[in-house]
Structures are given as structure tokens and as C-alpha cells.
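**Student:** This is the structure I have questions about; it appears just below.
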Amino acid sequence: MTQWEVVIGIETHAQLATVSKIFSGASTAFGAEPNTQACAVDLALPGVLPVLNKKAVECAMRFGLAIGAEVAAKSVFARKNYFYPDLPKGYQISQMDLPVVVGGEIPVMVGQGDKAYEKVVHLTRAHLEEDAGKSLHEDFHGKSGIDLNRAGTPLLEIVTEPDMRSSDEAVAYAKALHALVQWIGICDGNMQEGSFRCDANVSVRPKGQVEFGTRREIKNLNSFRFLKEAIDFEVQWQINEIEEGRKIQQATVLFDPDNGETRVMRTKEDAHDYRYFPDPDLLPLIISADWLARVKGELPELPTQKRERFISELGLSTYDATTLTASQEMADYFESTVTIAGKANAKPCANWVMVDLTARLNKEGKELADSPVSAAQLAGLIQRIADNTISNNIAKKVFEVLWNGEGATADEVIDKQGLKQITDSGAIESLVDEVLAANPGNVAEFKAGKEKAFNALVGQVMKAAKGKANPQQVNDLLRLKLSA
Amino acid sequence: MSLTLEQVQRIAHLARIEVSEAEALTTQSHLNGIFQLIEQMQAVDTRGVEPMAHAQDLSQRLRQDAVTEPDGRAAFQAVAPEVEAGLYLVPKVIE
């Protein structure tokens, strides 16, 4: 049986975080009354001229810098011609031969825990363009309604090489990109409002074959779940087609979330002929070295830089560092925690943020920004574990109390509830003596070589201490007494 | 190179211009005339010359990102052929 390899490339449209449109001074605010944010330029009234938005260009520059791409010193806007009522000019202003961003790469972590691996996704290009309006096909006496508020909204179209080999890799990339554009402040990442939408180019080929198979493009996937479902369905469909002796026809397809299937929107025969040519209304965009350096200076520390720093300065593993830099919120939260708890506690801080806190947030469907436990509170808790005031198990109880808002700090909770670990060896010794005296059976079993009996005794001591005895001390003392 | 009549009709379709068969023939000869000009230009040795994206050797001016256009819907829609609920109405389009 043939082993199939999946090949995926992704094109993403990220709506840029500007207040006005890319070529006009109309507002880009979401949710306004239809056509109240469509000015003469957006409507393509005669005699209007586009004037490029500086902030949109800087967004593209930030992106290029963030992914180690070449930010073109000179790029050119082109007209992409097609007729559709939500495109009043009859062409979309985009970039073709000379895009503003060329190359670059994004490292992503695929999978979780031990099975996680790093994958570097290479980018082909990213270019500036304008969005189209919206067509509403509800029945207006057999007509369509057109809302041009979105027409002229600045977009950065980000195109990858066909580097991904599974839907998991595609989703990992899309998530990393989604986090990155928000991290550098160029896109709000709101997928429901269409600020971040993906197209996936999918093909399959027998493993080992060098040439790519024929691809089909799945359009407009606006959630990570749909991206995965659409690719998984498409891959299986293509393999079935080929195995049943049919050839894949190049096509553009749409994903229907209701039945989880893709269906053909248009085939190669009726593919658009866009007749790109340089837009005579716009001069070449020149980006000087000075301007680029200034924008570079304004960039925050990037996820990849932060990740390297977490590894080199804090001694975290690649997996931990990557997970903690998956979003700016998480990285900030972790860093605040470490700042208070101390660098020596970086690893427990990482564990608490990635495991305990994340699990608790997921359980209640909360975002990190809404966490009832602040970084300072968590750091206070971790410090008390580090200095042996409480054990890890007790710490989980304290965490719950903090989560429920029943205490301001870990110290307060430990004090009030008397959770302080018993480290006084005299006190522990008397507990150990009591337990040994009360459990002669276990003692005999242990002496007969049953290690299990030892654990039972530890359990008894901890129980007598209401969980507060220092486990290491209990262990040591028990061993000492039993070997006597 | 020169265009076939079929290509002329395809271009007309893409540009949404209706041409009769007689017009297509005239257009074909016009367009082929233009192609001859292009061929003449292509015969010029342009090695070492950087292609221009625009006839003027200037760079694009930029505007600050600010909202400067107020809502002009009422005025724009007063001259639109058909509107409803703030929308421009057009013949039904579903792809």
C-alpha cells in the first residue's frame, strides 16, 4: 500500500491594526452601520486617488523584521483585476512582482510534551493589499446588498512555502503566526470578526516522490478547528480519489463546517485571469534604511528572542521556553512570576504556569488575562514551596484558596489555615514514634523486605501530621528508625 | 506576437466590454498595431536598465493613520440607483 505524504502551504490575511483605511481616511472600526465608513475613495468615485497609510506600511515592516525577512527597499503596488460588486473599482490594489516583505521564517512547536518537535516554516512573502466589501445575499427583492465599510481595510497577506506535512503542523503554524501578529501589535487577531483568516493549499504525493501533487486551495478558514478539520477531510478525499484511479483537478474549494466537507467553488478552467499590472495611481513604496532602523528600534522583544533568553538565562528546556512564549500574555505572566520568585525558581514557575494554572484556566474556560490568581500571588506561593514552608501538595490547596479569592497572599492563607509545614525534627520524630508503635505489622513487613510497607508508614505519618510534615524529613527519620 | 480573434473576445469578456464580430475584427487590428509598437520597443537593448514601475521617478507619499473622512452615506446614496437598509442593491450575485 502506498504511503502518502501531505504537503500544505498557508496564505493568511491579517487585518492590520490601523484606525483608517490603507488608501483613504475612512474609519476601519468594526460593526458600524452599513456604508457609513465608505468614503469617495472606497466607493471608487471618479477622480479620486489612493494615498498610502504610513502605519499600514510600518505594520508590514514590523512583521518583516520579526520574522527575519528582507523588508524591500522598494516595493510596487499592482492592480488585480476582477469584477465583483463588492469591489467597486473593478480591481483590488495589491502587490505582485515586488512585495514589501520577502522570505523569513517562523519556528513552531508541534505537539505536546515528549512528542513535541520543532518545525521551521519558511515564508515566501508578505504583501500589502486592500480588503473588499461585503455582499449580503439575503433577499432584497431578488437583489444582493453591498456594504463597503470593509472595502479598503488594510491587509497583510502572508504566504508560506509548502513546508507543512500534516494538519497539526498547519495548525501549529497558524497559531504561532496568530500569536506573533498580536505580539508585535499589527493585528488584533480577532478571528470571529475576520481579522485573521487562512487559506490552505493542500496536496498529497506518494512518500519519496519529489514532485508535488496537484493542489486544491481551501478558502477562508476562520478558526483553527476548521483549519484542521478542512485539511484532514481534504487529504483523505484526495487520497481516495487517487487510489480509485482518478486525477486531482486543481481547484478552489470551500469548507462547510456543518458537514465537515470541502466542495468545489471553481476549477482551473474558470480560474480568474487577474491581469496584474503596476498601479499608475501609486508610486513605488521606498523604505529607507533609517526608517527601517527606527521601526526596528520600536519592536518589543520578540517571541524567538524571549525564548532564547528563557533557555540561556533561566535554564528552561526548549519545550518549556517555546510553550511559555506562545503568547505575549503567557510570557509576561511567567516573567512577572519569575521576577518576584527569583531566577532560581524559574523551573517551578514554568511548571506552575504551564501545568497547574493553565489546567485550572482551561477547566473554567478562562483566559490568562482573567486569571483570579495574579503572577505576584503565584510567585509568593512558589517561594513558600522553595523555602520548605509548605509541600507541593499543600501548595495545591493554597492555590485553590487563592483562586477562589479567599485569601490575598499565600502567606496569609498558610497562616490562617495553619498549613505551615512541620520541619521541627522533634515534632516529626514524636509523630514517627507514635506511628511505629501503632503499626507493628507494617514495621515487621518492612523488615521482611517489603518496600510497600515503608510507603504505608510514610502515609500514616503524613496523615497524623495532616499533610504538613516535611516529606523528606519524614522519609529520612523513618529510614533511620527502622534501620536501628 | 499578434492576437487571435478568440483572444480579443476573451479580453473583451474579462473587461466586461461587449464587442460585435465586426468590432472584434477592428479591435484585433488596433491591438495588433499596439503589439507591433511593443515589439519595436522590445528590440531595444535594455540590459543594465532597471525596470520602472512608474513613469515618474518619485516615491510614494504617505499619509498619517487618522480618520479624516466623515460619514457621507446620505450624499453618496442619494445618487445610487437603488439602496435599502443602508446597502447598495445590485443584481443578485452568488458565486
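Naming scheme: A, B, ... for chains in displayed order of the C-alpha cells; residues 1 onward per chain; ligands 1 onward as shown.
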Kindly determine which residues of chain A lie within 7 Å of chain B, considering only C-alpha atoms, and give the answer as number ranges by chain.

**Tutor:** A: 18-20, 25-27, 34-37, 39, 51-55, 76, 142-147, 278, 280, 282-286

**Student:** Considering only C-alpha atoms, return as a ChimeraX atom specification whatever protein or nucleic-acid residues lie within 6 Å of segment 125-134 of chain A, sequence-local ones (same chain, fewer than 2 positions apart) excluded.

**Tutor:** /A:86-87,93-95,99-103,123,146-148,150-159

**Student:** Can you write out the residues you just picked, keeping N, CA and C atoms, as a PDB file, in the first residue's frame?

**Tutor:**
ATOM      1  N   ASP A  86     -18.691  43.806  -4.733  1.00  0.00           N
ATOM      2  CA  ASP A  86     -18.118  44.364  -3.509  1.00  0.00           C
ATOM      3  C   ASP A  86     -16.718  44.949  -3.744  1.00  0.00           C
ATOM      4  N   LEU A  87     -16.330  45.047  -5.022  1.00  0.00           N
ATOM      5  CA  LEU A  87     -15.036  45.634  -5.392  1.00  0.00           C
ATOM      6  C   LEU A  87     -15.311  46.767  -6.390  1.00  0.00           C
ATOM      7  N   ILE A  93      -6.241  46.771  -5.178  1.00  0.00           N
ATOM      8  CA  ILE A  93      -4.850  47.208  -5.131  1.00  0.00           C
ATOM      9  C   ILE A  93      -4.100  46.244  -4.229  1.00  0.00           C
ATOM     10  N   SER A  94      -3.057  45.611  -4.802  1.00  0.00           N
ATOM     11  CA  SER A  94      -2.304  44.589  -4.100  1.00  0.00           C
ATOM     12  C   SER A  94      -0.844  44.756  -4.492  1.00  0.00           C
ATOM     13  N   GLN A  95      -0.033  43.767  -4.213  1.00  0.00           N
ATOM     14  CA  GLN A  95       1.350  43.797  -4.684  1.00  0.00           C
ATOM     15  C   GLN A  95       1.631  42.466  -5.363  1.00  0.00           C
ATOM     16  N   PRO A  99       6.869  42.567  -3.673  1.00  0.00           N
ATOM     17  CA  PRO A  99       6.159  42.697  -2.397  1.00  0.00           C
ATOM     18  C   PRO A  99       7.036  43.369  -1.343  1.00  0.00           C
ATOM     19  N   VAL A 100       6.425  43.850  -0.281  1.00  0.00           N
ATOM     20  CA  VAL A 100       7.157  44.613   0.722  1.00  0.00           C
ATOM     21  C   VAL A 100       8.012  43.706   1.620  1.00  0.00           C
ATOM     22  N   VAL A 101       7.584  42.450   1.810  1.00  0.00           N
ATOM     23  CA  VAL A 101       8.349  41.522   2.654  1.00  0.00           C
ATOM     24  C   VAL A 101       8.686  40.260   1.860  1.00  0.00           C
ATOM     25  N   VAL A 102       9.959  39.893   1.869  1.00  0.00           N
ATOM     26  CA  VAL A 102      10.397  38.715   1.113  1.00  0.00           C
ATOM     27  C   VAL A 102      11.135  37.755   2.033  1.00  0.00           C
ATOM     28  N   GLY A 103      10.692  36.487   2.037  1.00  0.00           N
ATOM     29  CA  GLY A 103      11.386  35.453   2.819  1.00  0.00           C
ATOM     30  C   GLY A 103      11.011  35.508   4.288  1.00  0.00           C
ATOM     31  N   LEU A 123       8.739  31.390   4.991  1.00  0.00           N
ATOM     32  CA  LEU A 123       7.764  32.227   4.317  1.00  0.00           C
ATOM     33  C   LEU A 123       8.263  32.642   2.943  1.00  0.00           C
ATOM     34  N   ILE A 146     -24.948  45.454  -0.828  1.00  0.00           N
ATOM     35  CA  ILE A 146     -23.495  45.647  -0.732  1.00  0.00           C
ATOM     36  C   ILE A 146     -23.163  46.633   0.384  1.00  0.00           C
ATOM     37  N   ASP A 147     -22.282  46.177   1.277  1.00  0.00           N
ATOM     38  CA  ASP A 147     -21.775  47.033   2.352  1.00  0.00           C
ATOM     39  C   ASP A 147     -20.283  47.244   2.106  1.00  0.00           C
ATOM     40  N   LEU A 148     -19.887  48.485   1.888  1.00  0.00           N
ATOM     41  CA  LEU A 148     -18.489  48.763   1.537  1.00  0.00           C
ATOM     42  C   LEU A 148     -17.650  49.287   2.708  1.00  0.00           C
ATOM     43  N   ARG A 150     -15.950  47.589   4.757  1.00  0.00           N
ATOM     44  CA  ARG A 150     -14.693  46.853   4.828  1.00  0.00           C
ATOM     45  C   ARG A 150     -13.784  47.135   3.630  1.00  0.00           C
ATOM     46  N   ALA A 151     -14.360  47.692   2.565  1.00  0.00           N
ATOM     47  CA  ALA A 151     -13.565  47.963   1.357  1.00  0.00           C
ATOM     48  C   ALA A 151     -12.445  48.926   1.694  1.00  0.00           C
ATOM     49  N   GLY A 152     -11.221  48.548   1.376  1.00  0.00           N
ATOM     50  CA  GLY A 152     -10.086  49.428   1.630  1.00  0.00           C
ATOM     51  C   GLY A 152      -9.420  49.200   2.985  1.00  0.00           C
ATOM     52  N   THR A 153      -9.914  48.243   3.756  1.00  0.00           N
ATOM     53  CA  THR A 153      -9.262  47.904   5.029  1.00  0.00           C
ATOM     54  C   THR A 153      -7.891  47.299   4.730  1.00  0.00           C
ATOM     55  N   PRO A 154      -6.843  47.739   5.438  1.00  0.00           N
ATOM     56  CA  PRO A 154      -5.513  47.221   5.112  1.00  0.00           C
ATOM     57  C   PRO A 154      -5.315  45.775   5.543  1.00  0.00           C
ATOM     58  N   LEU A 155      -4.743  44.990   4.631  1.00  0.00           N
ATOM     59  CA  LEU A 155      -4.448  43.591   4.918  1.00  0.00           C
ATOM     60  C   LEU A 155      -2.981  43.326   4.635  1.00  0.00           C
ATOM     61  N   LEU A 156      -2.422  42.400   5.415  1.00  0.00           N
ATOM     62  CA  LEU A 156      -1.123  41.857   5.070  1.00  0.00           C
ATOM     63  C   LEU A 156      -1.378  40.401   4.685  1.00  0.00           C
ATOM     64  N   GLU A 157      -1.083  40.053   3.431  1.00  0.00           N
ATOM     65  CA  GLU A 157      -1.243  38.659   3.023  1.00  0.00           C
ATOM     66  C   GLU A 157       0.097  37.971   3.208  1.00  0.00           C
ATOM     67  N   ILE A 158       0.105  36.930   4.041  1.00  0.00           N
ATOM     68  CA  ILE A 158       1.337  36.261   4.439  1.00  0.00           C
ATOM     69  C   ILE A 158       1.349  34.858   3.834  1.00  0.00           C
ATOM     70  N   VAL A 159       2.340  34.576   3.017  1.00  0.00           N
ATOM     71  CA  VAL A 159       2.347  33.340   2.234  1.00  0.00           C
ATOM     72  C   VAL A 159       3.528  32.457   2.645  1.00  0.00           C
TER      73      VAL A 159
END

**Student:** Quick one: of A:Val41, A:Val57, A:Ala73, A:His272, who's nearest to Asp290 of chain A, counting only C-alpha atoms?

**Tutor:**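 Using only C-alpha atoms, the shortest distance to Asp290 of chain A belongs to A:Ala73.
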
**Student:** Work out how far apart atom CA of Ile218 of chain A and atom CA of Asp199 of chain A are and give it in Å to one decimal.

**Tutor:** 5.5 Å

**Student:** What residues in chain B get the DSSP label alpha helix (DSSP H)? Please answer as number ranges by chain.

**Tutor:** B: 5-14, 21-42, 73-78

**Student:** Give me a file of those residues, with N, CA and C atoms, as an mmCIF file, in the first residue's frame.

**Tutor:**
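Saved file result_27.cif follows:
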data_model
loop_
_atom_site.group_PDB
_atom_site.id
_atom_site.type_symbol
_atom_site.label_atom_id
_atom_site.label_comp_id
_atom_site.auth_asym_id
_atom_site.auth_seq_id
_atom_site.Cartn_x
_atom_site.Cartn_y
_atom_site.Cartn_z
ATOM 1 N N LEU B 5 -8.446 36.331 -32.996
ATOM 2 C CA LEU B 5 -9.780 36.903 -32.778
ATOM 3 C C LEU B 5 -10.363 36.373 -31.467
ATOM 4 N N GLU B 6 -10.068 35.091 -31.198
ATOM 5 C CA GLU B 6 -10.551 34.455 -29.971
ATOM 6 C C GLU B 6 -9.995 35.159 -28.725
ATOM 7 N N GLN B 7 -8.707 35.482 -28.794
ATOM 8 C CA GLN B 7 -8.083 36.168 -27.662
ATOM 9 C C GLN B 7 -8.678 37.553 -27.456
ATOM 10 N N VAL B 8 -8.981 38.227 -28.547
ATOM 11 C CA VAL B 8 -9.602 39.550 -28.448
ATOM 12 C C VAL B 8 -10.947 39.428 -27.740
ATOM 13 N N GLN B 9 -11.703 38.384 -28.110
ATOM 14 C CA GLN B 9 -13.012 38.227 -27.482
ATOM 15 C C GLN B 9 -12.891 37.861 -25.995
ATOM 16 N N ARG B 10 -11.848 37.099 -25.673
ATOM 17 C CA ARG B 10 -11.635 36.749 -24.263
ATOM 18 C C ARG B 10 -11.281 38.002 -23.454
ATOM 19 N N ILE B 11 -10.429 38.821 -23.999
ATOM 20 C CA ILE B 11 -10.044 40.055 -23.299
ATOM 21 C C ILE B 11 -11.264 40.955 -23.110
ATOM 22 N N ALA B 12 -12.091 41.028 -24.154
ATOM 23 C CA ALA B 12 -13.304 41.840 -24.063
ATOM 24 C C ALA B 12 -14.217 41.306 -22.961
ATOM 25 N N HIS B 13 -14.295 39.981 -22.864
ATOM 26 C CA HIS B 13 -15.132 39.383 -21.835
ATOM 27 C C HIS B 13 -14.581 39.698 -20.448
ATOM 28 N N LEU B 14 -13.265 39.563 -20.287
ATOM 29 C CA LEU B 14 -12.639 39.846 -18.993
ATOM 30 C C LEU B 14 -12.857 41.301 -18.585
ATOM 31 N N GLU B 21 -18.954 41.057 -33.757
ATOM 32 C CA GLU B 21 -17.895 40.404 -34.524
ATOM 33 C C GLU B 21 -17.128 41.405 -35.374
ATOM 34 N N ALA B 22 -17.872 42.381 -35.923
ATOM 35 C CA ALA B 22 -17.205 43.402 -36.742
ATOM 36 C C ALA B 22 -16.261 44.234 -35.876
ATOM 37 N N GLU B 23 -16.758 44.613 -34.673
ATOM 38 C CA GLU B 23 -15.916 45.406 -33.762
ATOM 39 C C GLU B 23 -14.695 44.602 -33.325
ATOM 40 N N ALA B 24 -14.899 43.322 -33.142
ATOM 41 C CA ALA B 24 -13.788 42.482 -32.702
ATOM 42 C C ALA B 24 -12.675 42.487 -33.746
ATOM 43 N N LEU B 25 -13.071 42.454 -35.014
ATOM 44 C CA LEU B 25 -12.062 42.479 -36.094
ATOM 45 C C LEU B 25 -11.286 43.790 -36.086
ATOM 46 N N THR B 26 -12.029 44.920 -35.951
ATOM 47 C CA THR B 26 -11.357 46.235 -35.910
ATOM 48 C C THR B 26 -10.427 46.288 -34.692
ATOM 49 N N THR B 27 -10.985 45.852 -33.528
ATOM 50 C CA THR B 27 -10.192 45.883 -32.292
ATOM 51 C C THR B 27 -8.942 45.032 -32.437
ATOM 52 N N GLN B 28 -9.114 43.882 -33.087
ATOM 53 C CA GLN B 28 -7.955 42.995 -33.275
ATOM 54 C C GLN B 28 -6.842 43.722 -34.023
ATOM 55 N N SER B 29 -7.214 44.446 -35.094
ATOM 56 C CA SER B 29 -6.153 45.110 -35.859
ATOM 57 C C SER B 29 -5.552 46.270 -35.069
ATOM 58 N N HIS B 30 -6.407 46.976 -34.266
ATOM 59 C CA HIS B 30 -5.877 48.043 -33.409
ATOM 60 C C HIS B 30 -4.872 47.476 -32.410
ATOM 61 N N LEU B 31 -5.314 46.422 -31.726
ATOM 62 C CA LEU B 31 -4.459 45.842 -30.680
ATOM 63 C C LEU B 31 -3.166 45.309 -31.285
ATOM 64 N N ASN B 32 -3.274 44.684 -32.434
ATOM 65 C CA ASN B 32 -2.058 44.159 -33.057
ATOM 66 C C ASN B 32 -1.117 45.277 -33.475
ATOM 67 N N GLY B 33 -1.703 46.424 -33.816
ATOM 68 C CA GLY B 33 -0.886 47.600 -34.101
ATOM 69 C C GLY B 33 -0.078 47.994 -32.867
ATOM 70 N N ILE B 34 -0.757 47.948 -31.720
ATOM 71 C CA ILE B 34 -0.077 48.283 -30.460
ATOM 72 C C ILE B 34 1.027 47.255 -30.182
ATOM 73 N N PHE B 35 0.712 46.001 -30.462
ATOM 74 C CA PHE B 35 1.725 44.954 -30.229
ATOM 75 C C PHE B 35 2.967 45.160 -31.090
ATOM 76 N N GLN B 36 2.751 45.710 -32.287
ATOM 77 C CA GLN B 36 3.917 45.978 -33.139
ATOM 78 C C GLN B 36 4.817 47.047 -32.509
ATOM 79 N N LEU B 37 4.144 48.040 -31.922
ATOM 80 C CA LEU B 37 4.909 49.081 -31.218
ATOM 81 C C LEU B 37 5.721 48.453 -30.085
ATOM 82 N N ILE B 38 5.043 47.583 -29.347
ATOM 83 C CA ILE B 38 5.722 46.929 -28.221
ATOM 84 C C ILE B 38 6.906 46.114 -28.729
ATOM 85 N N GLU B 39 6.701 45.445 -29.849
ATOM 86 C CA GLU B 39 7.805 44.652 -30.409
ATOM 87 C C GLU B 39 8.994 45.530 -30.775
ATOM 88 N N GLN B 40 8.677 46.691 -31.327
ATOM 89 C CA GLN B 40 9.763 47.634 -31.635
ATOM 90 C C GLN B 40 10.532 48.004 -30.376
ATOM 91 N N MET B 41 9.752 48.282 -29.298
ATOM 92 C CA MET B 41 10.401 48.678 -28.048
ATOM 93 C C MET B 41 11.217 47.524 -27.479
ATOM 94 N N GLN B 42 10.679 46.315 -27.641
ATOM 95 C CA GLN B 42 11.390 45.174 -27.076
ATOM 96 C C GLN B 42 12.696 44.873 -27.802
ATOM 97 N N ARG B 73 -22.655 58.841 3.823
ATOM 98 C CA ARG B 73 -23.542 57.862 3.192
ATOM 99 C C ARG B 73 -24.753 58.505 2.523
ATOM 100 N N ALA B 74 -25.387 59.428 3.237
ATOM 101 C CA ALA B 74 -26.624 60.011 2.699
ATOM 102 C C ALA B 74 -26.368 60.654 1.329
ATOM 103 N N ALA B 75 -25.275 61.407 1.227
ATOM 104 C CA ALA B 75 -24.965 62.075 -0.037
ATOM 105 C C ALA B 75 -24.627 61.055 -1.126
ATOM 106 N N PHE B 76 -23.822 60.041 -0.772
ATOM 107 C CA PHE B 76 -23.435 59.035 -1.775
ATOM 108 C C PHE B 76 -24.652 58.233 -2.235
ATOM 109 N N GLN B 77 -25.524 57.911 -1.283
ATOM 110 C CA GLN B 77 -26.643 57.038 -1.649
ATOM 111 C C GLN B 77 -27.760 57.802 -2.356
ATOM 112 N N ALA B 78 -27.735 59.138 -2.239
ATOM 113 C CA ALA B 78 -28.751 59.932 -2.935
ATOM 114 C C ALA B 78 -28.640 59.758 -4.447
#

**Student:** As a ChimeraX atom specification, please: every residue in segment 57-90 of chain A that a backbone DSSP assignment puts in strand (DSSP E or B).

**Tutor:** /A:70-71,74-75,77-81

**Student:** In Å, with one decimal, what is the gap from atom CA of Gln15 of chain A to atom CA of Ser75 of chain A?

**Tutor:**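 So the two atoms, atom CA of Gln15 of chain A and atom CA of Ser75 of chain A, lie 19.6 Å apart.
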
**Student:** Just give me the gap between atom CA of Leu98 of chain A and atom CA of Glu70 of chain A in Å, one decimal is fine.

**Tutor:**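 Taking atom CA of Leu98 of chain A as the start and atom CA of Glu70 of chain A as the end point, the length is 11.7 Å.
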